[in-house]
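Quick look at coords-v4.cif (mmCIF, C-alpha atoms):
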```
data_query
loop_
_atom_site.group_PDB
_atom_site.id
_atom_site.type_symbol
_atom_site.label_atom_id
_atom_site.label_comp_id
_atom_site.auth_asym_id
_atom_site.auth_seq_id
_atom_site.Cartn_x
_atom_site.Cartn_y
_atom_site.Cartn_z
ATOM 1 C CA MET A 1 94.399 126.926 -32.287
ATOM 2 C CA VAL A 2 93.651 126.933 -36.036
ATOM 3 C CA PHE A 3 92.321 123.378 -35.822
ATOM 4 C CA THR A 4 90.009 124.331 -32.913
ATOM 5 C CA TYR A 5 88.704 127.253 -34.956
ATOM 6 C CA PHE A 6 87.936 124.971 -37.927
ATOM 7 C CA ILE A 7 86.302 122.339 -35.687
ATOM 8 C CA LEU A 8 83.962 125.086 -34.421
ATOM 9 C CA LEU A 9 83.270 126.362 -37.933
ATOM 10 C CA ASN A 10 82.489 122.840 -39.170
ATOM 11 C CA LEU A 11 80.252 122.205 -36.147
ATOM 12 C CA ILE A 12 78.254 125.391 -36.743
ATOM 13 C CA VAL A 13 77.780 124.552 -40.426
ATOM 14 C CA VAL A 14 76.707 120.947 -39.663
ATOM 15 C CA ILE A 15 74.236 122.063 -36.961
ATOM 16 C CA LEU A 16 72.711 124.644 -39.319
ATOM 17 C CA PHE A 17 72.485 121.969 -42.022
ATOM 18 C CA ILE A 18 70.745 119.516 -39.675
ATOM 19 C CA LYS A 19 68.294 122.210 -38.528
ATOM 20 C CA THR A 20 67.324 123.117 -42.106
ATOM 21 C CA LYS A 21 64.272 121.257 -43.382
ATOM 22 C CA LYS A 22 65.532 119.694 -46.595
ATOM 23 C CA ASN A 23 63.701 118.612 -49.688
ATOM 24 C CA LEU A 24 66.339 116.001 -50.439
ATOM 25 C CA HIS A 25 66.063 112.294 -49.654
ATOM 26 C CA ILE A 26 68.632 110.940 -47.171
ATOM 27 C CA LEU A 27 70.277 108.843 -49.932
ATOM 28 C CA GLU A 28 70.532 111.975 -52.066
ATOM 29 C CA ILE A 29 72.287 113.801 -49.234
ATOM 30 C CA VAL A 30 74.751 110.889 -48.860
ATOM 31 C CA VAL A 31 75.526 110.734 -52.599
ATOM 32 C CA TYR A 32 75.829 114.516 -53.134
ATOM 33 C CA TRP A 33 77.896 114.932 -49.952
ATOM 34 C CA LEU A 34 80.338 112.261 -51.148
ATOM 35 C CA ALA A 35 80.441 113.613 -54.707
ATOM 36 C CA ALA A 36 81.027 117.168 -53.445
ATOM 37 C CA SER A 37 83.840 116.004 -51.200
ATOM 38 C CA TYR A 38 85.411 114.074 -54.098
ATOM 39 C CA LEU A 39 85.327 117.104 -56.400
ATOM 40 C CA PHE A 40 87.171 119.374 -53.985
ATOM 41 C CA GLN A 41 89.567 116.641 -52.839
ATOM 42 C CA ASN A 42 90.575 116.052 -56.454
ATOM 43 C CA LEU A 43 91.324 119.730 -56.974
ATOM 44 C CA SER A 44 93.258 119.870 -53.720
ATOM 45 C CA ALA A 45 95.197 116.631 -54.414
ATOM 46 C CA PHE A 46 96.014 117.541 -58.015
ATOM 47 C CA CYS A 47 97.122 121.079 -57.169
ATOM 48 C CA TYR A 48 99.031 119.939 -54.071
ATOM 49 C CA MET A 49 100.709 116.807 -55.442
ATOM 50 C CA ASN A 50 101.199 117.657 -59.119
ATOM 51 C CA LEU A 51 100.975 121.366 -59.872
ATOM 52 C CA LYS A 52 102.274 122.513 -56.455
ATOM 53 C CA THR A 53 99.948 125.512 -56.600
ATOM 54 C CA LEU A 54 98.373 124.574 -53.272
ATOM 55 C CA ILE A 55 100.526 123.931 -50.210
ATOM 56 C CA ILE A 56 99.524 122.329 -46.919
ATOM 57 C CA PRO A 57 102.155 123.190 -44.289
ATOM 58 C CA GLU A 58 103.965 120.314 -42.553
ATOM 59 C CA LYS A 59 101.867 120.577 -39.394
ATOM 60 C CA LEU A 60 99.387 117.986 -38.164
ATOM 61 C CA GLY A 61 96.851 120.622 -37.054
ATOM 62 C CA PHE A 62 96.833 122.172 -40.531
ATOM 63 C CA GLU A 63 96.486 118.841 -42.324
ATOM 64 C CA LEU A 64 93.658 117.818 -39.976
ATOM 65 C CA SER A 65 91.930 121.178 -40.537
ATOM 66 C CA HIS A 66 92.086 120.788 -44.306
ATOM 67 C CA PHE A 67 90.969 117.161 -44.004
ATOM 68 C CA LEU A 68 87.936 118.242 -41.950
ATOM 69 C CA ASN A 69 87.104 121.056 -44.359
ATOM 70 C CA ARG A 70 87.326 118.947 -47.513
ATOM 71 C CA THR A 71 85.207 116.143 -46.019
ATOM 72 C CA VAL A 72 82.653 118.202 -44.072
ATOM 73 C CA LEU A 73 82.660 121.996 -44.572
ATOM 74 C CA TYR A 74 82.693 122.250 -48.393
ATOM 75 C CA PRO A 75 80.356 119.257 -48.997
ATOM 76 C CA VAL A 76 77.783 120.609 -46.502
ATOM 77 C CA ILE A 77 77.795 124.013 -48.211
ATOM 78 C CA MET A 78 77.500 122.378 -51.640
ATOM 79 C CA VAL A 79 74.592 120.120 -50.592
ATOM 80 C CA THR A 80 72.888 123.185 -49.071
ATOM 81 C CA PHE A 81 73.282 124.849 -52.475
ATOM 82 C CA LEU A 82 71.439 121.913 -54.097
ATOM 83 C CA HIS A 83 68.644 122.209 -51.539
ATOM 84 C CA TYR A 84 68.078 125.878 -52.440
ATOM 85 C CA PHE A 85 68.571 125.163 -56.142
ATOM 86 C CA LEU A 86 65.541 122.840 -56.016
ATOM 87 C CA LEU A 87 63.586 125.253 -53.856
ATOM 88 C CA LEU A 88 64.044 128.457 -55.848
ATOM 89 C CA LYS A 89 62.124 129.007 -59.071
ATOM 90 C CA GLY A 90 63.118 131.311 -61.913
ATOM 91 C CA ILE A 91 66.409 131.875 -63.730
ATOM 92 C CA LEU A 92 67.279 135.140 -61.978
ATOM 93 C CA ARG A 93 66.902 133.620 -58.507
ATOM 94 C CA LYS A 94 68.986 130.606 -59.514
ATOM 95 C CA LEU A 95 71.644 132.914 -60.982
ATOM 96 C CA LEU A 96 71.810 134.891 -57.746
ATOM 97 C CA LEU A 97 72.019 131.618 -55.838
ATOM 98 C CA PHE A 98 74.996 130.572 -57.986
ATOM 99 C CA LEU A 99 76.712 133.920 -57.396
ATOM 100 C CA PHE A 100 76.147 133.737 -53.654
ATOM 101 C CA PHE A 101 77.401 130.160 -53.225
ATOM 102 C CA ILE A 102 80.385 130.535 -55.573
ATOM 103 C CA SER A 103 81.476 133.632 -53.619
ATOM 104 C CA PHE A 104 80.830 131.874 -50.306
ATOM 105 C CA LEU A 105 82.842 128.775 -51.270
ATOM 106 C CA ALA A 106 85.707 130.895 -52.639
ATOM 107 C CA GLU A 107 85.622 132.886 -49.407
ATOM 108 C CA MET A 108 85.937 129.656 -47.380
ATOM 109 C CA GLU A 109 88.885 128.684 -49.566
ATOM 110 C CA TYR A 110 90.570 132.005 -48.807
ATOM 111 C CA ILE A 111 89.826 131.672 -45.082
ATOM 112 C CA GLU A 112 91.898 128.475 -45.317
ATOM 113 C CA HIS A 113 94.567 130.432 -47.204
ATOM 114 C CA PHE A 114 94.797 133.313 -44.740
ATOM 115 C CA SER A 115 94.804 130.964 -41.748
ATOM 116 C CA GLY A 116 97.779 129.166 -43.318
ATOM 117 C CA VAL A 117 95.994 125.827 -43.813
ATOM 118 C CA LEU A 118 95.880 125.769 -47.617
ATOM 119 C CA ILE A 119 98.311 128.239 -49.121
ATOM 120 C CA HIS A 120 97.727 129.296 -52.730
ATOM 121 C CA VAL A 121 100.932 129.787 -54.742
ATOM 122 C CA HIS A 122 100.948 131.554 -58.154
ATOM 123 C CA TRP A 123 97.168 131.252 -57.973
ATOM 124 C CA LYS A 124 94.752 133.528 -59.781
ATOM 125 C CA LEU A 125 91.541 134.400 -57.962
ATOM 126 C CA TRP A 126 89.368 133.631 -60.975
ATOM 127 C CA TRP A 127 90.585 129.982 -60.894
ATOM 128 C CA SER A 128 88.724 129.561 -57.593
ATOM 129 C CA PHE A 129 85.539 131.063 -59.022
ATOM 130 C CA ALA A 130 85.848 128.924 -62.170
ATOM 131 C CA PHE A 131 86.390 125.767 -60.108
ATOM 132 C CA TRP A 132 83.390 126.387 -57.851
ATOM 133 C CA LEU A 133 81.185 127.193 -60.834
ATOM 134 C CA GLY A 134 82.281 123.955 -62.531
ATOM 135 C CA ALA A 135 81.915 121.914 -59.320
ATOM 136 C CA LEU A 136 78.379 123.188 -58.679
ATOM 137 C CA LEU A 137 77.375 122.533 -62.294
ATOM 138 C CA ILE A 138 78.764 118.964 -62.100
ATOM 139 C CA LEU A 139 76.906 118.456 -58.823
ATOM 140 C CA ILE A 140 73.632 119.595 -60.436
ATOM 141 C CA GLY A 141 74.300 117.066 -63.223
ATOM 142 C CA ILE A 142 74.879 114.292 -60.665
ATOM 143 C CA MET A 143 71.678 115.317 -58.869
ATOM 144 C CA LYS A 144 69.619 115.183 -62.076
ATOM 145 C CA VAL A 145 70.917 111.684 -62.929
ATOM 146 C CA PHE A 146 70.575 110.339 -59.397
ATOM 147 C CA ARG A 147 67.045 111.686 -58.919
ATOM 148 C CA ARG A 148 66.061 110.054 -62.211
ATOM 149 C CA ILE A 149 67.204 106.598 -61.052
ATOM 150 C CA LEU A 150 66.013 107.109 -57.473
ATOM 151 C CA TYR A 151 62.474 108.101 -58.376
ATOM 152 C CA LYS A 152 62.315 106.238 -61.734
ATOM 153 C CA GLY A 153 59.951 108.644 -63.420
ATOM 154 C CA GLU A 154 57.862 109.151 -60.296
ATOM 155 C CA PRO A 155 57.602 112.728 -59.055
ATOM 156 C CA PRO A 156 60.271 113.369 -56.381
ATOM 157 C CA VAL A 157 58.997 113.020 -52.816
ATOM 158 C CA MET B 1 106.045 114.613 -61.918
ATOM 159 C CA ASN B 2 108.079 111.937 -63.621
ATOM 160 C CA VAL B 3 105.642 109.260 -64.769
ATOM 161 C CA THR B 4 106.779 106.415 -66.997
ATOM 162 C CA PHE B 5 104.608 103.690 -68.463
ATOM 163 C CA ASP B 6 106.179 100.556 -67.029
ATOM 164 C CA TRP B 7 105.191 97.359 -65.205
ATOM 165 C CA ASN B 8 103.287 99.016 -62.369
ATOM 166 C CA GLU B 9 100.943 100.701 -64.894
ATOM 167 C CA TRP B 10 100.410 97.291 -66.516
ATOM 168 C CA TYR B 11 99.720 95.859 -63.068
ATOM 169 C CA PHE B 12 97.018 98.508 -62.481
ATOM 170 C CA ILE B 13 95.472 97.808 -65.900
ATOM 171 C CA ILE B 14 95.561 94.000 -65.579
ATOM 172 C CA THR B 15 94.123 93.847 -62.043
ATOM 173 C CA THR B 16 91.453 96.450 -62.850
ATOM 174 C CA THR B 17 90.428 94.504 -65.980
ATOM 175 C CA ILE B 18 90.220 91.225 -64.015
ATOM 176 C CA ILE B 19 88.030 92.732 -61.308
ATOM 177 C CA LEU B 20 85.827 94.442 -63.910
ATOM 178 C CA LEU B 21 85.358 91.115 -65.739
ATOM 179 C CA LEU B 22 84.423 89.449 -62.446
ATOM 180 C CA TYR B 23 81.906 92.203 -61.704
ATOM 181 C CA LEU B 24 80.186 92.267 -65.121
ATOM 182 C CA PRO B 25 78.186 89.001 -64.697
ATOM 183 C CA ILE B 26 76.698 90.221 -61.391
ATOM 184 C CA ARG B 27 76.138 93.860 -62.435
ATOM 185 C CA LYS B 28 72.336 93.483 -62.512
ATOM 186 C CA TYR B 29 72.026 91.853 -59.080
ATOM 187 C CA PHE B 30 71.815 95.201 -57.258
ATOM 188 C CA SER B 31 69.559 98.142 -58.137
ATOM 189 C CA PRO B 32 71.177 101.128 -59.945
ATOM 190 C CA VAL B 33 70.635 103.289 -56.820
ATOM 191 C CA LEU B 34 72.442 100.796 -54.596
ATOM 192 C CA VAL B 35 75.295 100.444 -57.093
ATOM 193 C CA THR B 36 75.604 104.252 -57.288
ATOM 194 C CA VAL B 37 75.721 104.664 -53.497
ATOM 195 C CA ILE B 38 78.237 101.830 -52.994
ATOM 196 C CA TRP B 39 80.319 102.981 -55.957
ATOM 197 C CA ILE B 40 80.604 106.613 -54.887
ATOM 198 C CA TYR B 41 81.090 105.662 -51.229
ATOM 199 C CA ASN B 42 84.070 103.467 -52.122
ATOM 200 C CA VAL B 43 85.651 105.928 -54.532
ATOM 201 C CA VAL B 44 85.450 108.727 -51.974
ATOM 202 C CA LEU B 45 86.526 106.577 -49.013
ATOM 203 C CA VAL B 46 89.642 105.304 -50.753
ATOM 204 C CA ALA B 47 90.505 108.688 -52.295
ATOM 205 C CA THR B 48 90.085 110.370 -48.888
ATOM 206 C CA ILE B 49 92.227 107.837 -47.001
ATOM 207 C CA ASP B 50 94.902 107.769 -49.702
ATOM 208 C CA TYR B 51 95.144 111.543 -49.947
ATOM 209 C CA PHE B 52 95.220 111.830 -46.140
ATOM 210 C CA LEU B 53 98.052 109.316 -45.760
ATOM 211 C CA LEU B 54 99.951 110.298 -48.906
ATOM 212 C CA ALA B 55 99.953 114.003 -48.125
ATOM 213 C CA THR B 56 101.873 116.012 -45.589
ATOM 214 C CA PRO B 57 102.811 115.439 -42.777
ATOM 215 C CA PHE B 58 102.434 111.644 -42.960
ATOM 216 C CA LYS B 59 103.696 110.691 -46.468
ATOM 217 C CA LEU B 60 103.259 107.006 -45.622
ATOM 218 C CA TYR B 61 103.176 105.488 -49.112
ATOM 219 C CA ILE B 62 103.347 106.209 -52.818
ATOM 220 C CA PHE B 63 101.005 104.938 -55.508
ATOM 221 C CA GLY B 64 102.713 104.333 -58.866
ATOM 222 C CA ASP B 65 106.032 105.882 -59.810
ATOM 223 C CA ASN B 66 106.215 108.836 -57.434
ATOM 224 C CA ALA B 67 104.309 111.046 -55.018
ATOM 225 C CA SER B 68 102.089 112.636 -57.659
ATOM 226 C CA TYR B 69 98.433 112.075 -58.506
ATOM 227 C CA GLU B 70 98.585 109.604 -61.403
ATOM 228 C CA LEU B 71 95.897 108.461 -63.806
ATOM 229 C CA SER B 72 96.636 104.806 -62.946
ATOM 230 C CA GLY B 73 95.885 105.564 -59.286
ATOM 231 C CA ALA B 74 92.620 107.230 -60.279
ATOM 232 C CA LEU B 75 91.737 104.139 -62.358
ATOM 233 C CA PHE B 76 92.288 102.000 -59.264
ATOM 234 C CA HIS B 77 90.100 104.318 -57.182
ATOM 235 C CA PHE B 78 87.358 104.500 -59.780
ATOM 236 C CA ILE B 79 87.026 100.873 -60.881
ATOM 237 C CA MET B 80 89.030 98.415 -58.783
ATOM 238 C CA TYR B 81 87.780 99.274 -55.283
ATOM 239 C CA PRO B 82 84.061 99.769 -56.108
ATOM 240 C CA CYS B 83 83.946 96.539 -58.151
ATOM 241 C CA ALA B 84 85.670 94.636 -55.322
ATOM 242 C CA ALA B 85 83.194 96.117 -52.817
ATOM 243 C CA LEU B 86 80.207 95.093 -54.961
ATOM 244 C CA LEU B 87 81.615 91.561 -55.345
ATOM 245 C CA PHE B 88 82.041 91.405 -51.562
ATOM 246 C CA LEU B 89 78.428 92.520 -51.034
ATOM 247 C CA TYR B 90 77.163 90.115 -53.693
ATOM 248 C CA GLY B 91 78.664 87.163 -51.797
ATOM 249 C CA TYR B 92 77.321 88.535 -48.516
ATOM 250 C CA ASP B 93 73.760 89.090 -49.763
ATOM 251 C CA LYS B 94 73.356 86.198 -52.199
ATOM 252 C CA GLY B 95 74.887 83.680 -49.801
ATOM 253 C CA GLU B 96 72.908 85.187 -46.879
ATOM 254 C CA LEU B 97 76.085 85.211 -44.830
ATOM 255 C CA TYR B 98 74.556 86.782 -41.740
ATOM 256 C CA GLY B 99 75.388 86.381 -38.041
ATOM 257 C CA LYS B 100 78.449 84.220 -37.356
ATOM 258 C CA LYS B 101 78.934 83.608 -41.083
ATOM 259 C CA THR B 102 79.578 87.349 -41.557
ATOM 260 C CA LEU B 103 82.592 87.123 -39.261
ATOM 261 C CA TRP B 104 84.163 84.289 -41.264
ATOM 262 C CA TYR B 105 83.334 86.031 -44.531
ATOM 263 C CA ILE B 106 84.979 89.273 -43.358
ATOM 264 C CA LEU B 107 88.032 87.345 -42.161
ATOM 265 C CA PHE B 108 88.329 85.617 -45.545
ATOM 266 C CA TRP B 109 88.073 88.909 -47.479
ATOM 267 C CA SER B 110 90.484 90.667 -45.112
ATOM 268 C CA GLY B 111 93.010 87.870 -45.654
ATOM 269 C CA PHE B 112 92.587 88.142 -49.410
ATOM 270 C CA SER B 113 92.882 91.956 -49.281
ATOM 271 C CA LEU B 114 96.127 91.703 -47.312
ATOM 272 C CA PHE B 115 97.479 89.244 -49.873
ATOM 273 C CA PHE B 116 96.456 91.614 -52.674
ATOM 274 C CA GLU B 117 98.142 94.568 -50.948
ATOM 275 C CA TRP B 118 101.342 92.495 -50.565
ATOM 276 C CA LEU B 119 101.107 91.594 -54.276
ATOM 277 C CA THR B 120 100.673 95.286 -55.175
ATOM 278 C CA VAL B 121 103.819 96.152 -53.192
ATOM 279 C CA LYS B 122 105.788 93.300 -54.819
ATOM 280 C CA ASN B 123 104.779 94.580 -58.264
ATOM 281 C CA GLY B 124 106.001 98.090 -57.521
ATOM 282 C CA ALA B 125 102.539 99.654 -57.796
ATOM 283 C CA LEU B 126 102.550 100.596 -54.106
ATOM 284 C CA THR B 127 105.676 101.726 -52.249
ATOM 285 C CA TYR B 128 105.723 102.065 -48.475
ATOM 286 C CA THR B 129 107.504 105.161 -47.163
ATOM 287 C CA GLY B 130 106.496 104.649 -43.533
ATOM 288 C CA TRP B 131 103.487 102.333 -43.765
ATOM 289 C CA LYS B 132 103.781 98.595 -43.006
ATOM 290 C CA LEU B 133 101.617 95.685 -44.116
ATOM 291 C CA VAL B 134 100.776 94.877 -40.472
ATOM 292 C CA TYR B 135 99.140 98.309 -40.104
ATOM 293 C CA SER B 136 96.595 97.203 -42.726
ATOM 294 C CA ILE B 137 95.451 94.194 -40.647
ATOM 295 C CA PRO B 138 92.735 96.138 -38.732
ATOM 296 C CA VAL B 139 91.906 98.378 -41.727
ATOM 297 C CA TYR B 140 90.235 95.738 -43.918
ATOM 298 C CA PRO B 141 87.815 94.281 -41.331
ATOM 299 C CA ILE B 142 86.778 97.817 -40.306
ATOM 300 C CA ALA B 143 86.257 98.756 -43.973
ATOM 301 C CA ALA B 144 84.195 95.576 -44.508
ATOM 302 C CA VAL B 145 81.957 96.286 -41.500
ATOM 303 C CA MET B 146 81.444 99.892 -42.654
ATOM 304 C CA LEU B 147 80.573 98.644 -46.131
ATOM 305 C CA ILE B 148 77.939 96.265 -44.746
ATOM 306 C CA ILE B 149 76.489 99.111 -42.627
ATOM 307 C CA ILE B 150 76.239 101.390 -45.697
ATOM 308 C CA PHE B 151 74.721 98.542 -47.731
ATOM 309 C CA ARG B 152 72.062 97.742 -45.128
ATOM 310 C CA PHE B 153 71.307 101.425 -44.564
ATOM 311 C CA THR B 154 70.824 102.028 -48.304
ATOM 312 C CA LYS B 155 68.690 98.888 -48.681
ATOM 313 C CA THR B 156 66.431 99.934 -45.777
ATOM 314 C CA LYS B 157 66.033 103.490 -47.089
ATOM 315 C CA LEU B 158 65.208 102.146 -50.548
ATOM 316 C CA GLN B 159 62.573 99.786 -49.141
ATOM 317 C CA ASN B 160 61.038 102.705 -47.218
ATOM 318 C CA LEU B 161 60.995 104.753 -50.418
ATOM 319 C CA GLN B 162 58.838 102.193 -52.286
ATOM 320 C CA PRO B 163 55.549 102.829 -50.372
ATOM 321 C CA GLN B 164 56.098 106.590 -50.646
ATOM 322 C CA LYS B 165 56.465 106.254 -54.413
ATOM 323 C CA SER B 166 53.270 104.213 -54.813
ATOM 324 C CA ASN B 167 51.185 106.781 -52.848
#
```

Translate the structure described by the file into structure tokens.
Amino acid sequence: MVFTYFILLNLIVVILFIKTKKNLHILEIVVYWLAASYLFQNLSAFCYMNLKTLIIPEKLGFELSHFLNRTVLYPVIMVTFLHYFLLLKGILRKLLLFLFFISFLAEMEYIEHFSGVLIHVHWKLWWSFAFWLGALLILIGIMKVFRRILYKGEPPV
Amino acid sequence: MNVTFDWNEWYFIITTTIILLLYLPIRKYFSPVLVTVIWIYNVVLVATIDYFLLATPFKLYIFGDNASYELSGALFHFIMYPCAALLFLYGYDKGELYGKKTLWYILFWSGFSLFFEWLTVKNGALTYTGWKLVYSIPVYPIAAVMLIIIFRFTKTKLQNLQPQKSN
């Protein structure tokens, strides 16, 4: 049941992402998607395997749900953030964008928590906000570097 | 977490250094964009598969000393696999091993990868807790085909980007 719910959620997010006209090159989408997935997977793996502050219950449906979310749901949201980050001009708009996406990503994390897929143990809420802020900042850094080598000084297409 | 610096850490360091030294002479063969795509694709693919199989409910193998996320494992993910993938693609592209030759090339690399996995197990860097070496037999050819697909896709997209840039 939980897995079906997450399949639907992932499908909706992917369809919305495909429908959105993006100002990112296809290779950019591939690289940022992979990088975003790696960032969250590292947090999940480190907290699950070492710190034991995140727990995935011993059920195949739950593991598959978390697998789907860390490879599709979170990366799609994070790449969408980059799309709007390039689109919006002005510090205030970008700041609001950060606030919206950090809250949205933390909310997704807690949807996983309340559905029993990724249980947070001795976890402080601000850790989630700090992680998503850091992850989005790292992703912006990756985007800046990758765009520089992709367009080699030429204005981005 | 009970990590000790013993032979398996040395094994990770030695094999990673060897592969890095093999990669360095060919590092300029591919464009920085292609290297970035292949590098990140491999890091993420291996990290995703490892975490999926290491974690609950499968727990099929352990990297290093125990079932924790170790720095030596991260070193393997970050350097060993991407360098090996780029060496594989170098041979494929430079030698123009297309068509039937691709099949033989993939078979050769799959055989070598299986030997390397066996060596990693023998050196205590990888411990099976449910996985078997025979399960890896289909994994390497599939991974090689996927790698070639990603390589060709990236190359095509980069070629298409060139006219756009000159406009």

From A:Leu11, A:His25, A:Met49, A:Leu60, residue lying nearest Pro57 of chain B [only C-alpha atoms]: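 That would be A:Leu60, the residue with the smallest distance to Pro57 of chain B.
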
Result set, the PyMOL selection byres ((chain A and resi 10) around 12) on current file, as a ChimeraX atom specification: /A:3-9,11-17,65-77,108

Closest atom pairs, residues of segment 55-126 of chain B within 10 Å of segment 26-47 of chain B, all atoms listed in the file, as a tab-separated table:
```
residue	atom	partner	partner_atom	distance
B:Gly73	CA	B:Ala47	CA	9.4
B:Ala74	CA	B:Ala47	CA	8.4
B:Phe76	CA	B:Val43	CA	9.0
B:His77	CA	B:Val43	CA	5.4
B:Phe78	CA	B:Val43	CA	5.7
B:Ile79	CA	B:Val43	CA	8.2
B:Met80	CA	B:Val43	CA	9.3
B:Tyr81	CA	B:Asn42	CA	6.4
B:Pro82	CA	B:Trp39	CA	4.9
B:Cys83	CA	B:Trp39	CA	7.7
B:Ala84	CA	B:Asn42	CA	9.5
B:Ala85	CA	B:Asn42	CA	7.4
B:Leu86	CA	B:Ile38	CA	7.3
B:Leu87	CA	B:Ile26	CA	7.9
B:Leu89	CA	B:Phe30	CA	9.5
B:Tyr90	CA	B:Tyr29	CA	7.6
B:Asp93	CA	B:Phe30	CA	9.9
B:Lys94	CA	B:Tyr29	CA	9.0
```

Top pick for closest residue to chain B, considering A:Leu92, A:Leu99, A:Tyr151, A:Met143 and counting all atoms listed in the file: A:Tyr151

Picked residues, the PyMOL selection byres ((chain B and resi 109) around 12), expected as a VMD selection string: chain B and resid 84 to 85 87 to 89 91 to 92 102 to 108 110 to 116 137 139 to 145

Expected answer as a PDB file with C-alpha atoms, keeping the file's coordinate frame: chain A residues within 9 Å of chain B, only C-alpha atoms:
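Contents of the output file result-v8.pdb:
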```pdb
ATOM      1  CA  ILE A  26      68.632 110.940 -47.171  1.00  0.00           C
ATOM      2  CA  LEU A  27      70.277 108.843 -49.932  1.00  0.00           C
ATOM      3  CA  VAL A  30      74.751 110.889 -48.860  1.00  0.00           C
ATOM      4  CA  VAL A  31      75.526 110.734 -52.599  1.00  0.00           C
ATOM      5  CA  LEU A  34      80.338 112.261 -51.148  1.00  0.00           C
ATOM      6  CA  ALA A  35      80.441 113.613 -54.707  1.00  0.00           C
ATOM      7  CA  SER A  37      83.840 116.004 -51.200  1.00  0.00           C
ATOM      8  CA  TYR A  38      85.411 114.074 -54.098  1.00  0.00           C
ATOM      9  CA  GLN A  41      89.567 116.641 -52.839  1.00  0.00           C
ATOM     10  CA  ASN A  42      90.575 116.052 -56.454  1.00  0.00           C
ATOM     11  CA  ALA A  45      95.197 116.631 -54.414  1.00  0.00           C
ATOM     12  CA  PHE A  46      96.014 117.541 -58.015  1.00  0.00           C
ATOM     13  CA  TYR A  48      99.031 119.939 -54.071  1.00  0.00           C
ATOM     14  CA  MET A  49     100.709 116.807 -55.442  1.00  0.00           C
ATOM     15  CA  ASN A  50     101.199 117.657 -59.119  1.00  0.00           C
ATOM     16  CA  LEU A  51     100.975 121.366 -59.872  1.00  0.00           C
ATOM     17  CA  ILE A  56      99.524 122.329 -46.919  1.00  0.00           C
ATOM     18  CA  PRO A  57     102.155 123.190 -44.289  1.00  0.00           C
ATOM     19  CA  GLU A  58     103.965 120.314 -42.553  1.00  0.00           C
ATOM     20  CA  LYS A  59     101.867 120.577 -39.394  1.00  0.00           C
ATOM     21  CA  LEU A  60      99.387 117.986 -38.164  1.00  0.00           C
ATOM     22  CA  GLU A  63      96.486 118.841 -42.324  1.00  0.00           C
ATOM     23  CA  LEU A  64      93.658 117.818 -39.976  1.00  0.00           C
ATOM     24  CA  PHE A  67      90.969 117.161 -44.004  1.00  0.00           C
ATOM     25  CA  THR A  71      85.207 116.143 -46.019  1.00  0.00           C
ATOM     26  CA  PHE A 146      70.575 110.339 -59.397  1.00  0.00           C
ATOM     27  CA  ILE A 149      67.204 106.598 -61.052  1.00  0.00           C
ATOM     28  CA  LEU A 150      66.013 107.109 -57.473  1.00  0.00           C
ATOM     29  CA  TYR A 151      62.474 108.101 -58.376  1.00  0.00           C
ATOM     30  CA  GLU A 154      57.862 109.151 -60.296  1.00  0.00           C
ATOM     31  CA  PRO A 155      57.602 112.728 -59.055  1.00  0.00           C
ATOM     32  CA  PRO A 156      60.271 113.369 -56.381  1.00  0.00           C
ATOM     33  CA  VAL A 157      58.997 113.020 -52.816  1.00  0.00           C
TER      34      VAL A 157
END
```

Distance in Å - atom CA of Leu39 of chain A versus atom CA of Gly134 of chain A: 9.7 Å

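Atom to atom, atom CA of Ile14 of chain B and atom CA of Phe40 of chain A stand 29.1 Å apart.
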
Two-atom distance - atom CA of Tyr128 of chain B, atom CA of Phe63 of chain B (Å):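 Computing it gives 8.9 Å between the two atoms.
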
Rebuild segment 143-151 of chain B so that it carries N, CA and C atoms, then output the result as a CSV table (one decimal), keeping the file's coordinate frame.
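result-v3.csv was written with the following content:
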```
chain,number,residue,atom,x,y,z
B,143,ALA,N,86.8,98.3,-42.7
B,143,ALA,CA,86.3,98.8,-44.0
B,143,ALA,C,85.1,97.8,-44.4
B,144,ALA,N,85.2,96.5,-44.1
B,144,ALA,CA,84.2,95.6,-44.5
B,144,ALA,C,82.9,95.8,-43.7
B,145,VAL,N,83.1,96.0,-42.4
B,145,VAL,CA,82.0,96.3,-41.5
B,145,VAL,C,81.2,97.6,-41.9
B,146,MET,N,82.0,98.6,-42.2
B,146,MET,CA,81.4,99.9,-42.7
B,146,MET,C,80.7,99.7,-44.0
B,147,LEU,N,81.2,98.9,-44.8
B,147,LEU,CA,80.6,98.6,-46.1
B,147,LEU,C,79.2,97.9,-45.9
B,148,ILE,N,79.2,97.0,-45.0
B,148,ILE,CA,77.9,96.3,-44.7
B,148,ILE,C,76.9,97.2,-44.1
B,149,ILE,N,77.4,98.1,-43.2
B,149,ILE,CA,76.5,99.1,-42.6
B,149,ILE,C,75.9,100.0,-43.7
B,150,ILE,N,76.7,100.5,-44.6
B,150,ILE,CA,76.2,101.4,-45.7
B,150,ILE,C,75.3,100.6,-46.6
B,151,PHE,N,75.6,99.4,-46.9
B,151,PHE,CA,74.7,98.5,-47.7
B,151,PHE,C,73.3,98.3,-47.1
```
